[in-house]
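File shown: my_file_0.txt. Contents: compact mmCIF, C-alpha atoms and all ligand atoms.
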```txt
# COMPACT_ATOMS: atom_id res chain seq x y z
CA MET A 1 -20.82 55.60 -97.36
CA GLU A 2 -21.47 53.60 -100.47
CA GLY A 3 -18.88 50.91 -100.98
CA ASN A 4 -15.36 52.01 -101.71
CA LYS A 5 -16.15 54.83 -104.04
CA LYS A 6 -13.81 57.79 -103.85
CA VAL A 7 -15.30 61.04 -102.66
CA ILE A 8 -15.88 64.23 -104.64
CA PHE A 9 -16.77 67.58 -103.15
CA SER A 10 -17.45 70.77 -105.06
CA GLY A 11 -19.53 73.90 -104.74
CA ILE A 12 -20.63 77.11 -106.39
CA GLN A 13 -21.44 80.45 -104.80
CA PRO A 14 -25.01 81.67 -105.22
CA SER A 15 -23.68 85.21 -105.53
CA GLY A 16 -24.62 86.07 -109.08
CA ASP A 17 -26.09 84.60 -112.21
CA LEU A 18 -24.19 81.57 -113.38
CA THR A 19 -22.08 81.87 -116.53
CA LEU A 20 -21.19 79.46 -119.28
CA GLY A 21 -17.73 79.42 -117.62
CA ASN A 22 -19.15 78.02 -114.37
CA TYR A 23 -21.15 75.49 -116.31
CA LEU A 24 -18.32 74.24 -118.53
CA GLY A 25 -15.56 74.56 -115.94
CA ALA A 26 -17.44 72.89 -113.12
CA ILE A 27 -20.96 71.48 -113.48
CA LYS A 28 -20.50 69.71 -116.80
CA ASN A 29 -17.60 67.75 -115.30
CA TRP A 30 -19.61 66.91 -112.19
CA VAL A 31 -22.23 65.33 -114.39
CA LYS A 32 -19.56 63.15 -115.97
CA LEU A 33 -18.00 62.14 -112.66
CA GLN A 34 -21.15 61.38 -110.69
CA GLU A 35 -21.36 57.72 -111.64
CA GLU A 36 -17.87 56.87 -110.57
CA TYR A 37 -17.63 58.81 -107.32
CA GLU A 38 -19.57 59.46 -104.18
CA CYS A 39 -20.37 63.14 -104.69
CA TYR A 40 -21.23 66.10 -102.50
CA PHE A 41 -22.41 69.12 -104.45
CA CYS A 42 -22.90 72.13 -102.27
CA VAL A 43 -24.44 75.57 -102.73
CA VAL A 44 -21.92 77.64 -100.80
CA ASP A 45 -24.05 80.42 -99.35
CA LEU A 46 -21.58 81.06 -96.51
CA HIS A 47 -18.99 81.93 -99.14
CA ALA A 48 -21.43 84.19 -100.94
CA ILE A 49 -21.81 86.54 -97.96
CA THR A 50 -18.12 87.46 -98.04
CA VAL A 51 -19.53 90.26 -100.17
CA LYS A 52 -22.82 91.97 -99.32
CA GLN A 53 -25.88 90.12 -100.63
CA GLU A 54 -29.44 91.30 -100.87
CA PRO A 55 -31.28 88.76 -98.63
CA LYS A 56 -34.11 88.09 -101.07
CA ASP A 57 -31.71 87.67 -103.99
CA LEU A 58 -29.53 85.31 -101.96
CA ARG A 59 -32.58 83.18 -101.12
CA ARG A 60 -33.70 83.09 -104.75
CA ARG A 61 -30.24 82.33 -106.12
CA THR A 62 -29.55 79.59 -103.58
CA LEU A 63 -32.62 77.67 -104.71
CA GLU A 64 -31.95 78.49 -108.33
CA MET A 65 -28.45 77.02 -107.98
CA LEU A 66 -29.91 73.78 -106.73
CA ALA A 67 -32.32 73.81 -109.68
CA ILE A 68 -29.35 74.34 -112.01
CA TYR A 69 -27.52 71.34 -110.54
CA LEU A 70 -30.59 69.19 -111.10
CA ALA A 71 -31.38 70.59 -114.55
CA SER A 72 -27.80 69.96 -115.66
CA GLY A 73 -28.21 66.30 -114.88
CA ILE A 74 -26.96 65.77 -111.33
CA ASP A 75 -28.97 62.81 -110.10
CA PRO A 76 -30.47 63.49 -106.66
CA GLU A 77 -30.77 59.77 -105.97
CA LYS A 78 -27.06 59.19 -106.36
CA ASN A 79 -25.54 62.41 -105.07
CA THR A 80 -25.72 64.54 -101.99
CA MET A 81 -26.84 68.07 -102.81
CA PHE A 82 -27.09 70.53 -99.97
CA ILE A 83 -26.84 74.10 -98.79
CA GLN A 84 -23.64 74.96 -96.94
CA SER A 85 -25.29 76.94 -94.12
CA HIS A 86 -27.47 73.93 -93.30
CA VAL A 87 -24.39 72.09 -92.10
CA PRO A 88 -22.99 74.09 -89.16
CA ALA A 89 -19.86 71.90 -89.10
CA HIS A 90 -18.51 73.98 -92.02
CA SER A 91 -18.40 77.15 -89.93
CA GLU A 92 -17.07 75.34 -86.88
CA ALA A 93 -14.34 73.47 -88.73
CA ALA A 94 -13.39 76.69 -90.50
CA TRP A 95 -12.69 78.30 -87.12
CA LEU A 96 -10.62 75.36 -85.92
CA LEU A 97 -8.59 75.47 -89.13
CA THR A 98 -8.29 79.27 -89.01
CA CYS A 99 -6.26 78.85 -85.84
CA SER A 100 -3.56 76.91 -87.64
CA THR A 101 -3.57 78.97 -90.83
CA TYR A 102 -1.10 81.81 -91.34
CA MET A 103 -1.97 85.37 -92.31
CA GLY A 104 0.99 85.22 -94.68
CA GLU A 105 -0.33 82.32 -96.72
CA LEU A 106 -3.79 83.85 -96.93
CA SER A 107 -2.40 87.20 -98.09
CA ARG A 108 -0.69 85.44 -100.99
CA MET A 109 -3.99 84.30 -102.51
CA THR A 110 -4.35 85.86 -105.96
CA GLN A 111 -8.11 86.19 -105.73
CA TYR A 112 -7.85 88.01 -102.40
CA LYS A 113 -5.11 90.29 -103.72
CA GLU A 114 -7.19 91.18 -106.77
CA LYS A 115 -10.36 91.78 -104.82
CA SER A 116 -8.63 93.84 -102.14
CA LYS A 117 -6.92 95.96 -104.78
CA ASN A 118 -10.27 97.37 -105.87
CA SER A 119 -11.82 97.56 -102.41
CA GLY A 120 -10.32 100.82 -101.20
CA GLY A 121 -9.38 99.09 -97.93
CA ASN A 122 -12.96 98.10 -97.11
CA ILE A 123 -12.52 94.40 -97.50
CA SER A 124 -14.21 91.99 -95.11
CA ALA A 125 -12.23 89.60 -92.94
CA GLY A 126 -14.52 86.98 -94.48
CA LEU A 127 -13.01 87.53 -97.89
CA PHE A 128 -9.55 87.12 -96.37
CA ASN A 129 -10.52 83.91 -94.52
CA TYR A 130 -12.54 82.51 -97.40
CA PRO A 131 -9.95 79.85 -98.40
CA VAL A 132 -10.06 78.40 -94.88
CA LEU A 133 -13.82 77.92 -95.15
CA MET A 134 -13.27 76.29 -98.51
CA ALA A 135 -10.66 73.99 -96.95
CA ALA A 136 -13.18 73.07 -94.24
CA ASP A 137 -15.81 72.29 -96.90
CA ILE A 138 -13.48 69.89 -98.61
CA LEU A 139 -11.69 68.28 -95.66
CA LEU A 140 -14.86 67.54 -93.66
CA TYR A 141 -15.97 64.98 -96.26
CA GLN A 142 -12.60 63.18 -96.50
CA THR A 143 -12.63 64.28 -100.12
CA ASP A 144 -10.36 62.63 -102.68
CA LEU A 145 -11.12 64.82 -105.67
CA VAL A 146 -12.31 68.40 -106.18
CA PRO A 147 -13.53 69.23 -109.69
CA VAL A 148 -13.13 72.98 -110.22
CA GLY A 149 -12.06 75.54 -112.80
CA LYS A 150 -8.51 76.78 -113.05
CA ASP A 151 -9.20 79.89 -110.96
CA GLN A 152 -9.70 77.70 -107.87
CA GLN A 153 -6.40 75.86 -108.17
CA GLN A 154 -4.59 78.07 -105.66
CA HIS A 155 -7.43 77.71 -103.15
CA LEU A 156 -7.14 73.98 -103.51
CA GLU A 157 -3.41 74.08 -102.89
CA ILE A 158 -3.92 75.97 -99.65
CA ALA A 159 -6.68 73.52 -98.66
CA ARG A 160 -4.13 70.74 -99.06
CA ASP A 161 -1.56 72.69 -97.02
CA ILE A 162 -4.10 73.34 -94.26
CA GLY A 163 -5.12 69.68 -94.18
CA GLU A 164 -1.53 68.43 -94.17
CA ARG A 165 -0.61 70.81 -91.38
CA PHE A 166 -3.51 69.64 -89.20
CA ASN A 167 -2.54 66.03 -89.87
CA ARG A 168 1.02 66.82 -88.78
CA LEU A 169 -0.02 68.76 -85.67
CA TYR A 170 -2.71 66.38 -84.44
CA SER A 171 -2.08 63.08 -86.27
CA ASP A 172 -3.85 61.83 -89.39
CA THR A 173 -7.35 63.28 -89.58
CA PHE A 174 -8.01 64.25 -93.18
CA VAL A 175 -7.66 62.75 -96.60
CA ILE A 176 -5.60 65.22 -98.64
CA PRO A 177 -7.64 66.11 -101.75
CA GLU A 178 -6.47 66.29 -105.35
CA PRO A 179 -7.77 68.92 -107.76
CA TYR A 180 -9.62 67.80 -110.89
CA ILE A 181 -9.05 70.53 -113.45
CA ALA A 182 -10.00 69.55 -116.99
CA LYS A 183 -7.46 70.13 -119.76
CA LEU A 184 -10.00 72.04 -121.82
CA GLY A 185 -12.75 74.27 -120.49
CA ALA A 186 -11.22 74.94 -117.07
CA LYS A 187 -10.82 78.58 -117.96
CA ILE A 188 -13.43 79.96 -120.32
CA MET A 189 -12.44 83.50 -121.27
CA ASP A 190 -14.39 86.72 -121.59
CA LEU A 191 -15.82 87.08 -125.11
CA GLN A 192 -14.84 90.74 -125.31
CA GLU A 193 -11.50 90.54 -123.52
CA PRO A 194 -10.25 87.01 -124.17
CA ASN A 195 -7.22 87.53 -121.94
CA LYS A 196 -9.54 87.67 -118.88
CA LYS A 197 -11.64 84.83 -117.49
CA MET A 198 -15.37 84.90 -118.13
CA SER A 199 -16.95 86.04 -114.88
CA LYS A 200 -20.41 86.80 -113.58
CA SER A 201 -19.00 90.09 -112.31
CA GLY A 202 -17.60 91.07 -115.72
CA GLU A 203 -18.27 94.70 -116.64
CA ASN A 204 -19.28 94.26 -120.27
CA VAL A 205 -22.42 92.11 -120.60
CA ASN A 206 -21.30 91.01 -124.05
CA GLY A 207 -18.25 89.42 -122.44
CA PHE A 208 -20.14 86.66 -120.67
CA ILE A 209 -22.92 84.24 -121.48
CA LEU A 210 -25.30 83.45 -118.66
CA ILE A 211 -26.84 80.01 -118.29
CA MET A 212 -30.25 81.68 -118.51
CA ASP A 213 -29.49 83.89 -121.54
CA PRO A 214 -32.19 83.36 -124.19
CA PRO A 215 -31.03 81.88 -127.54
CA GLU A 216 -31.15 85.20 -129.39
CA VAL A 217 -28.95 86.83 -126.75
CA ILE A 218 -26.46 83.96 -126.96
CA ARG A 219 -26.35 84.28 -130.75
CA LYS A 220 -25.79 88.03 -130.51
CA LYS A 221 -23.02 87.71 -127.91
CA VAL A 222 -21.15 85.03 -129.85
CA ASN A 223 -21.50 86.98 -133.06
CA ARG A 224 -19.96 90.01 -131.35
CA ALA A 225 -17.19 88.01 -129.72
CA VAL A 226 -13.77 89.54 -130.32
CA THR A 227 -11.62 87.59 -132.79
CA ASP A 228 -8.76 88.90 -134.97
CA SER A 229 -8.00 89.82 -138.54
CA LEU A 230 -6.21 86.59 -139.46
CA GLY A 231 -9.40 84.87 -140.54
CA VAL A 232 -8.11 81.39 -139.70
CA VAL A 233 -9.77 79.09 -137.19
CA ALA A 234 -6.66 77.97 -135.32
CA TYR A 235 -5.80 77.16 -131.73
CA ASN A 236 -2.90 79.31 -130.53
CA GLU A 237 -1.87 82.08 -128.14
CA GLN A 238 -1.98 84.76 -130.84
CA GLN A 239 -5.68 84.22 -131.44
CA LEU A 240 -7.10 84.19 -127.94
CA GLY A 241 -10.65 85.02 -129.01
CA VAL A 242 -10.81 82.23 -131.57
CA LYS A 243 -9.04 79.85 -129.20
CA ASN A 244 -11.70 80.52 -126.58
CA LEU A 245 -14.57 79.89 -129.01
CA MET A 246 -12.88 76.66 -130.11
CA THR A 247 -12.56 75.62 -126.47
CA ILE A 248 -16.25 76.27 -125.91
CA LEU A 249 -17.15 74.27 -129.01
CA THR A 250 -14.97 71.30 -128.12
CA THR A 251 -16.10 71.11 -124.47
CA ILE A 252 -19.75 71.19 -125.49
CA THR A 253 -19.70 68.93 -128.54
CA GLY A 254 -16.69 66.72 -127.92
CA ILE A 255 -15.42 67.47 -131.45
CA SER A 256 -11.63 67.68 -131.16
CA ILE A 257 -9.61 70.86 -131.74
CA GLU A 258 -7.97 69.25 -134.80
CA GLU A 259 -11.34 68.38 -136.29
CA ILE A 260 -12.55 71.93 -135.72
CA GLU A 261 -9.46 73.37 -137.44
CA GLU A 262 -10.00 71.00 -140.35
CA LYS A 263 -13.73 71.70 -140.66
CA TYR A 264 -13.36 75.49 -140.93
CA LYS A 265 -10.27 75.61 -143.10
CA GLY A 266 -10.63 78.47 -145.56
CA LEU A 267 -14.10 79.39 -144.28
CA GLY A 268 -13.35 82.44 -142.11
CA TYR A 269 -15.18 83.17 -138.88
CA SER A 270 -18.80 83.69 -139.83
CA GLN A 271 -19.95 80.07 -140.13
CA PHE A 272 -17.69 79.08 -137.23
CA LYS A 273 -19.28 81.64 -134.91
CA LYS A 274 -22.76 80.55 -136.01
CA ASP A 275 -21.94 76.95 -135.17
CA VAL A 276 -20.47 77.88 -131.78
CA ALA A 277 -23.63 79.83 -130.95
CA GLU A 278 -25.88 76.96 -132.04
CA ALA A 279 -23.87 74.48 -129.98
CA ILE A 280 -24.30 76.65 -126.88
CA VAL A 281 -28.01 77.12 -127.56
CA ALA A 282 -28.51 73.38 -128.09
CA GLU A 283 -26.70 72.66 -124.81
CA LEU A 284 -28.41 75.31 -122.68
CA GLU A 285 -31.96 75.45 -124.02
CA PRO A 286 -33.15 72.13 -122.56
CA ILE A 287 -31.38 72.93 -119.29
CA GLN A 288 -33.07 76.32 -119.11
CA LYS A 289 -36.49 74.75 -119.49
CA LYS A 290 -35.75 72.35 -116.65
CA ILE A 291 -34.34 75.12 -114.45
CA VAL A 292 -37.64 76.97 -114.78
CA GLU A 293 -39.59 73.81 -113.89
CA TYR A 294 -37.43 72.92 -110.90
CA THR A 295 -37.39 76.49 -109.60
CA ALA A 296 -41.18 76.52 -109.61
CA ASN A 297 -41.27 73.33 -107.58
CA LYS A 298 -40.16 74.59 -104.17
CA ALA A 299 -41.41 71.51 -102.33
CA TYR A 300 -39.32 69.22 -104.51
CA LEU A 301 -36.21 71.36 -104.00
CA GLU A 302 -36.85 71.41 -100.26
CA GLY A 303 -37.03 67.62 -100.21
CA ILE A 304 -33.66 67.43 -101.94
CA TYR A 305 -31.77 69.90 -99.78
CA LYS A 306 -33.23 68.50 -96.57
CA LYS A 307 -32.25 64.98 -97.44
CA GLY A 308 -28.88 66.25 -98.59
CA SER A 309 -28.17 68.13 -95.39
CA GLU A 310 -29.07 65.10 -93.26
CA LYS A 311 -26.41 63.03 -94.92
CA ALA A 312 -23.92 65.90 -95.09
CA ASN A 313 -24.42 66.72 -91.40
CA TYR A 314 -23.81 63.12 -90.47
CA VAL A 315 -20.56 62.81 -92.42
CA ALA A 316 -19.25 66.30 -91.60
CA ASN A 317 -19.97 65.95 -87.88
CA LYS A 318 -18.01 62.74 -87.74
CA THR A 319 -14.91 64.54 -88.98
CA LEU A 320 -15.61 67.59 -86.83
CA ARG A 321 -15.82 65.46 -83.67
CA LYS A 322 -12.46 63.93 -84.54
CA MET A 323 -10.96 67.39 -84.95
CA GLN A 324 -12.39 68.61 -81.65
CA LYS A 325 -11.16 65.57 -79.78
CA LYS A 326 -7.66 65.81 -81.17
CA ILE A 327 -7.46 69.51 -80.38
CA GLY A 328 -8.35 68.76 -76.75
CA PHE A 329 -11.96 69.82 -76.37
CA ILE A 330 -14.08 67.99 -73.78
CA PRO A 331 -16.47 65.61 -75.59
CA ARG A 332 -20.09 66.69 -75.23
P1 LIG B 1 -17.29 80.11 -107.99
O1 LIG B 1 -18.66 80.15 -107.43
O2 LIG B 1 -16.61 81.42 -108.26
O3 LIG B 1 -17.26 79.29 -109.33
C1 LIG B 1 -17.85 78.01 -109.41
C2 LIG B 1 -17.05 77.08 -110.30
O4 LIG B 1 -16.93 77.61 -111.62
C3 LIG B 1 -15.57 77.64 -112.02
N1 LIG B 1 -15.38 78.78 -112.93
C4 LIG B 1 -14.92 78.67 -114.19
N2 LIG B 1 -14.53 77.60 -114.91
C5 LIG B 1 -14.14 77.84 -116.19
N3 LIG B 1 -14.10 79.06 -116.74
C6 LIG B 1 -14.46 80.15 -116.06
N4 LIG B 1 -14.44 81.36 -116.63
C7 LIG B 1 -14.91 79.98 -114.72
N5 LIG B 1 -15.35 80.84 -113.76
C8 LIG B 1 -15.64 80.08 -112.68
C9 LIG B 1 -14.80 77.80 -110.73
O5 LIG B 1 -13.46 77.40 -110.85
C10 LIG B 1 -15.59 76.90 -109.79
O6 LIG B 1 -15.22 75.55 -109.96
N6 LIG B 1 -14.58 79.12 -103.92
C11 LIG B 1 -15.39 78.53 -104.96
C12 LIG B 1 -16.59 77.79 -104.41
C13 LIG B 1 -16.25 76.78 -103.36
C14 LIG B 1 -15.73 75.48 -103.59
C15 LIG B 1 -15.62 74.88 -102.29
C16 LIG B 1 -15.34 74.78 -104.73
C17 LIG B 1 -16.44 76.91 -102.03
N7 LIG B 1 -16.06 75.79 -101.39
C18 LIG B 1 -15.09 73.61 -102.14
C19 LIG B 1 -14.83 73.49 -104.57
C20 LIG B 1 -14.72 72.92 -103.28
C21 LIG B 1 -15.90 79.63 -105.86
O7 LIG B 1 -15.97 80.76 -105.48
O8 LIG B 1 -16.35 79.21 -107.08
```

Mind turning this structure into C-alpha cells?
Amino acid sequence: MEGNKKVIFSGIQPSGDLTLGNYLGAIKNWVKLQEEYECYFCVVDLHAITVKQEPKDLRRRTLEMLAIYLASGIDPEKNTMFIQSHVPAHSEAAWLLTCSTYMGELSRMTQYKEKSKNSGGNISAGLFNYPVLMAADILLYQTDLVPVGKDQQQHLEIARDIGERFNRLYSDTFVIPEPYIAKLGAKIMDLQEPNKKMSKSGENVNGFILIMDPPEVIRKKVNRAVTDSLGVVAYNEQQLGVKNLMTILTTITGISIEEIEEKYKGLGYSQFKKDVAEAIVAELEPIQKKIVEYTANKAYLEGIYKKGSEKANYVANKTLRKMQKKIGFIPR
C-alpha cells in the first residue's frame, strides 16, 4: 500500500451501455478523488450476471468499461483497475458473508423489491444476494470511502452492517466504509420522466443520454427533455425537468446553481437547453474519441487489467485469509 492514503473502492456493472447518470454520479467523482486516495476501480462482471447476459456482449462491455474508465481520466499508473471475476476472493468472501447475512435484511433492499416486482417470480438468487457480493467487494480492500450515486446508498448501508456484524462475531477484521455521495449529480433524472432516475434500462430512449451518443443525438434528446410551462430557469421541486438540466449543467461546468439562475433570467428555456446540450457534448466528445482508441487497443487494456488483478488479488487475499482463519478454517 502506498503510504497512509485512505482507500477508495467503486465499481460499475458492464450490463448495458453507460449513461450520463453513471458518468456524473460515479466516474467523474472518481477522477477528482484519485489523487488523494488509493483507489480500486472495478468492472463488476459478477454483478452483471445476476441478470442474463449475452456472453459476447458481456465480453465486449467489460473491456469497453475499462476503456471508459481510462478515457474519463483514471490514471492507470496511480490506480488499480481490474475485472471482478479475475479476483476469486470476491466470490469466496461473498459466501462467507452470506452466512452471517439475514434474509430479512436482504428482502428490504429497494432495488431488489423493485426488480422482483416486475419479474413474475422468476428472480435469480443472485439478484437477492447481490448486496452481499457488493459488501465483499468493498470490505476486502479495507475501504474507507465508496464514491457512488444515490441509488447505491442502501447497498452501502447494508455493506456497513455486514462488516460490523462480522467484526462483532469474529473480532475486528474490516474497516467500515463511508459512502461518498456528491451533493449534486448523485441522482441524474430521466429526461422524459424527471421523477425517475436516468437508467440504462429506461424504456424511452429519449429519457437517457448514453456516454457514446453522438453529438446530434445528445442535442436532440436535450431539446426534447421535458420541462414545464413556467418558463423560468429555477431550481425547485415543482420544476423537476429544469432542475435536472441545471444539475447536469452545474456538475459538468462547475457553474453554480445561482449563477445559472442569474444567467438565464427572462430568457426562457431555448437558449438554456442549447447550452446544456453543448456542455454535455463538450464533456463527452473527447472522451468518446479516447474510448474508441482504447477499445481498439486490446493489448493495452489487457496489460492494465492483468496488472490490476495482480495487486487486487494480493490485497483481497490478505483479507480473505484473515476471514477464513477467524471463522475456523484450517490454513492451507
Ligand atoms: P451501477 O452499475 O448500476 O451504476 C454505476 C454507478 O453509477 C451510479 N448511477 C447514477 N448516478 C447518478 N445518477 C444516476 N441516474 C445514476 N445511475 C447510476 C450508481 O450509483 C453507481 O455508483 N452495485 C453497483 C456496482 C457495484 C459497486 C460495488 C459500487 C458493485 N460492487 C462496490 C461500489 C462499490 C451498481 O450496480 O452500480

**Prompt:** If we count all atoms listed in the file, what is near range 220-237 of chain A at a cut-off of 9 Å, once residues fewer than 5 positions away on the same chain are taken out, given as a PyMOL selection string?
**Reply:** chain A and resi 190-194+205-209+215+242-247+257-258+260-262+264-270+272-274+276-277

**Asked** Using all atoms listed in the file, which protein or nucleic acid residues are at most 7 Å from ligand LIG 1 (chain B), as a PyMOL selection string?
**Response** chain A and resi 9-14+21-26+44+47+133-135+137-138+146-152+185-189+197-199

What are the centre and the three edge lengths of an axis-aligned box that wraps all atoms of range 263-269 of chain A in the file, given that 4 Å is added to every side, written as lines of an AutoDock Vina configuration file and rounded to one decimal in Å?
```
center_x = -12.7
center_y = 77.4
center_z = -142.2
size_x = 12.9
size_y = 19.5
size_z = 14.7
```

**Item:** From A:Thr80, A:Gln34, A:Thr253, A:Ser15, residue lying nearest Lys52 in chain A [all atoms listed in the file]
**Value:**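 Selected residue with least distance to Lys52 in chain A: A:Ser15.
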
**Two-atom distance - CA of Lys183 in chain A, CA of Ala136 in chain A (Å)** =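 Interatomic distance, CA of Lys183 in chain A to CA of Ala136 in chain A: 26.3 Å.
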
**Request:** Please provide as a PyMOL selection string all residues within 12 Å of range 315-328 of chain A, with the sequence filter that same-chain residues fewer than 4 positions apart are discarded (counting only C-alpha atoms).
**Result:** chain A and resi 1+7+9+40+80+84+86-97+99-100+136-143+163+166-175+308-311+332

Would you output that residue set with C-alpha atoms, as a PDB file, keeping the file's coordinate frame?
```pdb
ATOM      1  CA  MET A   1     -20.820  55.600 -97.360  1.00  0.00           C
ATOM      2  CA  VAL A   7     -15.300  61.040-102.660  1.00  0.00           C
ATOM      3  CA  PHE A   9     -16.770  67.580-103.150  1.00  0.00           C
ATOM      4  CA  TYR A  40     -21.230  66.100-102.500  1.00  0.00           C
ATOM      5  CA  THR A  80     -25.720  64.540-101.990  1.00  0.00           C
ATOM      6  CA  GLN A  84     -23.640  74.960 -96.940  1.00  0.00           C
ATOM      7  CA  HIS A  86     -27.470  73.930 -93.300  1.00  0.00           C
ATOM      8  CA  VAL A  87     -24.390  72.090 -92.100  1.00  0.00           C
ATOM      9  CA  PRO A  88     -22.990  74.090 -89.160  1.00  0.00           C
ATOM     10  CA  ALA A  89     -19.860  71.900 -89.100  1.00  0.00           C
ATOM     11  CA  HIS A  90     -18.510  73.980 -92.020  1.00  0.00           C
ATOM     12  CA  SER A  91     -18.400  77.150 -89.930  1.00  0.00           C
ATOM     13  CA  GLU A  92     -17.070  75.340 -86.880  1.00  0.00           C
ATOM     14  CA  ALA A  93     -14.340  73.470 -88.730  1.00  0.00           C
ATOM     15  CA  ALA A  94     -13.390  76.690 -90.500  1.00  0.00           C
ATOM     16  CA  TRP A  95     -12.690  78.300 -87.120  1.00  0.00           C
ATOM     17  CA  LEU A  96     -10.620  75.360 -85.920  1.00  0.00           C
ATOM     18  CA  LEU A  97      -8.590  75.470 -89.130  1.00  0.00           C
ATOM     19  CA  CYS A  99      -6.260  78.850 -85.840  1.00  0.00           C
ATOM     20  CA  SER A 100      -3.560  76.910 -87.640  1.00  0.00           C
ATOM     21  CA  ALA A 136     -13.180  73.070 -94.240  1.00  0.00           C
ATOM     22  CA  ASP A 137     -15.810  72.290 -96.900  1.00  0.00           C
ATOM     23  CA  ILE A 138     -13.480  69.890 -98.610  1.00  0.00           C
ATOM     24  CA  LEU A 139     -11.690  68.280 -95.660  1.00  0.00           C
ATOM     25  CA  LEU A 140     -14.860  67.540 -93.660  1.00  0.00           C
ATOM     26  CA  TYR A 141     -15.970  64.980 -96.260  1.00  0.00           C
ATOM     27  CA  GLN A 142     -12.600  63.180 -96.500  1.00  0.00           C
ATOM     28  CA  THR A 143     -12.630  64.280-100.120  1.00  0.00           C
ATOM     29  CA  GLY A 163      -5.120  69.680 -94.180  1.00  0.00           C
ATOM     30  CA  PHE A 166      -3.510  69.640 -89.200  1.00  0.00           C
ATOM     31  CA  ASN A 167      -2.540  66.030 -89.870  1.00  0.00           C
ATOM     32  CA  ARG A 168       1.020  66.820 -88.780  1.00  0.00           C
ATOM     33  CA  LEU A 169      -0.020  68.760 -85.670  1.00  0.00           C
ATOM     34  CA  TYR A 170      -2.710  66.380 -84.440  1.00  0.00           C
ATOM     35  CA  SER A 171      -2.080  63.080 -86.270  1.00  0.00           C
ATOM     36  CA  ASP A 172      -3.850  61.830 -89.390  1.00  0.00           C
ATOM     37  CA  THR A 173      -7.350  63.280 -89.580  1.00  0.00           C
ATOM     38  CA  PHE A 174      -8.010  64.250 -93.180  1.00  0.00           C
ATOM     39  CA  VAL A 175      -7.660  62.750 -96.600  1.00  0.00           C
ATOM     40  CA  GLY A 308     -28.880  66.250 -98.590  1.00  0.00           C
ATOM     41  CA  SER A 309     -28.170  68.130 -95.390  1.00  0.00           C
ATOM     42  CA  GLU A 310     -29.070  65.100 -93.260  1.00  0.00           C
ATOM     43  CA  LYS A 311     -26.410  63.030 -94.920  1.00  0.00           C
ATOM     44  CA  ARG A 332     -20.090  66.690 -75.230  1.00  0.00           C
TER      45      ARG A 332
END
```
